[in-house]
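J.: Handing you a structure now.
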Amino acid sequence: MKIAVIGAGAIGGLVAGYLKDKGEDVYLVGRPDTVRAIAGHGLKISGVRGDIKVQIDAHEMLVSKPELAILATKTQDIESVFKGNLAFLKDSLIITTQNGVRADDIVGRFVPKENIISSIVMFGATYVEPGKIIHNFEGTWILGKIFGPWIDDREAGVSMVLDKAFQTVLSEDIRGMKYLKVFVNANNCIPAILGMSMQEAFFDRQMSRISIAIWREGFNIVSKLGIKLTSLPGFPLERMAGLLSMPADKAAGVFSGVMSQLSKDPVYGSVLQSIKRGRNSEIDYLNGEFVSLAEKKGLSAPLNKKLVEMVHEVEANGLFFSKEELLDSVKGLVN
């Protein structure tokens, strides 16, 4: 299967590197600095599986029609990818990997919806510099269809190929899983606001208490809207529900204990990684999703709205907030 991985950040680089290392016919599409680095020194991956260096073709744009295109850009970049490469992609199977719930609908404006495979990435990676990726922790790769059932032999072949890099799981309700993944990713805003690793930020129980409040506000909104949440491998819905049923201080302590032991290497989260690279983050599709859902139904999400505003302020001026400034900004919004 001829594969193109579009987006050479943490997830795109990791996926492309592991598939190439397993002998798959894959090339990578990335920004000029990453393409130059990989051409000169190969793609270097370190972390939970040890160190490898992969020789892989990398280009600034698509150069041939792939049978499978793995879309590993941020959601806000999807439209430009298709406008610039539609001739190469209109007949390909497309896998979306983006956080949030909007990527499949955007892709569906450009290609037949039956060609779209939705996915959720449960493994973690960090972009260090062009051509260097850290694989922080293992996890499954969940595949499903937003538009119609899983019926095509090509789709079964995709699962078999991707299984060479990560354990794949087929889901019959990937939309419900994607909404739950929004909750998992919504806490990325706090390390991004502070400029800290996940472990450093959430070792502080006050920061973990903000995270629990993010979940409470989001859960209240999706419940009122009747949005179904579906358990993820490694993150059952009952776990979040259990934390939300606890007193805030106790829940924050449990959350802090889990997050501060997330990986032996620092984990910065997707939002902060984008900021560190000088890119706009996906915050509008994470915490901003709660805000958008609330506003459409005449509800409010004041905590998530404030956190989105703070992330955008960091993006604009490059200055991080202190913990004291963060606590002061959300005073009265965290129960």
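Chain lettering (A, B, ...) mirrors the order of the structure tokens, residue numbering begins at 1 for each chain separately, and ligand numbering begins at 1 in order of display.
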Find the residues near Gln98 of chain A: any atom within 7 Å, counting only C-alpha atoms, skip ones fewer than 5 places away on the same chain, and give them as a list of chain:residue names.
T.: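 What passes the distance filter is A:Ala72, A:Lys74, A:Thr75, A:Ala103.
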J.: Restricting the output to C-alpha atoms, write the selected residues as a PDB file, in the first residue's frame.
T.:
```pdb
ATOM      1  CA  ALA A  72      -1.457  14.478  10.636  1.00  0.00           C
ATOM      2  CA  LYS A  74      -3.692  20.418  12.838  1.00  0.00           C
ATOM      3  CA  THR A  75      -7.406  20.814  12.130  1.00  0.00           C
ATOM      4  CA  ALA A 103     -11.799  17.144  11.037  1.00  0.00           C
TER       5      ALA A 103
END
```
J.: Name all residues at most 8 Å from Val54 of chain A (count only C-alpha atoms; drop same-chain ones fewer than 2 positions away) and give them as number ranges by chain.
T.: A: 17, 20-21, 42-44, 52, 56
J.: Set the distance at 10 Å and use only C-alpha atoms: which residues neighbour Asp204 of chain A once local chain neighbours fewer than 5 positions away are removed? I'd like the list as an NGL selection string.
T.: :A and (199 or 209 or 252-253 or 256-257 or 260 or 323)
J.: If we count only C-alpha atoms, what is near Tyr268 of chain A at a cut-off of 9 Å, once residues fewer than 2 positions away on the same chain are taken out, given as an NGL selection string?
T.: :A and (126 or 188 or 191-192 or 195-199 or 266 or 270-273)
J.: In Å to one decimal, how far is atom CA of Met310 of chain A from atom CA of Gln206 of chain A?
T.: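 Separation between atom CA of Gln206 of chain A and atom CA of Met310 of chain A: 17.4 Å.
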J.: Segment 41-126 of chain A: which residues are strand (DSSP E or B) by DSSP, as a list in words?
T.: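 Everything in segment 41-126 of chain A that counts as strand (DSSP E or B) is Leu43, Lys44, Ile45, Ser46, Gly47, Ile52, Lys53, Val54, Ala58, His59, Leu68, Ala69, Ile70, Leu71, Leu93, Ile94, Ile95, Thr96, Ile116, Ile117, Ser118, Ser119, Ile120, Val121, Gly124, Ala125 and Thr126 of chain A.
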J.: With only C-alpha atoms as the atoms that count, which of A:Val258, A:Leu93, A:Ile221, A:Ala39 lies nearest to Glu295 of chain A?
T.: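 For Glu295 of chain A, the nearest of the candidates is A:Ile221.
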J.: Can you tell me how far atom CA of Asn85 of chain A sits from atom CA of Arg31 of chain A, in Å to one decimal?
T.: 14.7 Å
J.: Can you pull out every residue from segment 26-178 of chain A that DSSP, working from the backbone, puts in alpha helix (DSSP H), and format the result as a compact mmCIF listing (two decimals) with C-alpha atoms, in the first residue's frame?
T.:
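Result file follows (part_7.txt):
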```txt
# COMPACT_ATOMS: atom_id res chain seq x y z
CA PRO A 32 10.93 22.93 4.58
CA ASP A 33 13.05 22.82 7.75
CA THR A 34 11.87 19.31 8.57
CA VAL A 35 12.34 18.09 5.01
CA ARG A 36 15.92 19.39 4.99
CA ALA A 37 16.71 17.83 8.36
CA ILE A 38 15.38 14.40 7.37
CA ALA A 39 17.16 14.51 4.02
CA GLY A 40 20.45 15.29 5.75
CA HIS A 41 20.27 13.19 8.90
CA ILE A 78 -6.74 20.70 6.68
CA GLU A 79 -8.42 22.99 4.17
CA SER A 80 -5.14 24.31 2.76
CA VAL A 81 -3.79 20.75 2.43
CA PHE A 82 -6.68 19.74 0.20
CA LYS A 83 -6.78 22.94 -1.80
CA GLY A 84 -3.11 22.47 -2.69
CA ASN A 85 -3.14 18.72 -3.26
CA LEU A 86 -6.66 17.72 -4.30
CA ALA A 87 -5.56 16.07 -7.55
CA PHE A 88 -3.42 13.64 -5.55
CA LEU A 89 -6.00 12.99 -2.82
CA ALA A 103 -11.80 17.14 11.04
CA ASP A 104 -13.93 14.56 9.25
CA ASP A 105 -16.56 17.11 8.26
CA ILE A 106 -13.87 19.40 6.83
CA VAL A 107 -12.29 16.59 4.82
CA ASP A 153 -11.78 -4.49 1.80
CA ARG A 154 -9.39 -1.54 1.43
CA GLU A 155 -10.33 -0.38 4.91
CA ALA A 156 -9.59 -3.82 6.36
CA GLY A 157 -6.20 -3.65 4.67
CA VAL A 158 -5.54 -0.28 6.30
CA SER A 159 -6.06 -1.76 9.74
CA MET A 160 -3.61 -4.56 9.01
CA VAL A 161 -0.96 -2.14 7.79
CA LEU A 162 -1.28 0.30 10.69
CA ILE A 174 -15.99 6.64 17.02
CA ARG A 175 -17.94 9.90 17.23
CA GLY A 176 -18.79 9.23 20.88
CA MET A 177 -15.15 8.34 21.49
CA LYS A 178 -13.99 11.56 19.82
```
J.: Please indicate the distance in Å from atom CA of Pro236 of chain A to atom CA of Phe137 of chain A, rounded to one decimal place.
T.: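 Answer for the atom CA of Pro236 of chain A to atom CA of Phe137 of chain A separation: 18.0 Å.
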J.: May I have the residues within 12 Å of Asn185 of chain A as a PyMOL selection string, using only C-alpha atoms and disregarding those fewer than 4 positions away in the same chain?
T.: chain A and resi 98-101+120-122+124+178-181+189-192+198+211+214-215+218+268-272+282-290
J.: Which is closest to Glu309 of chain A among A:Lys250, A:Ile193, A:Met259, A:Met207, if we use only C-alpha atoms?
T.: A:Ile193
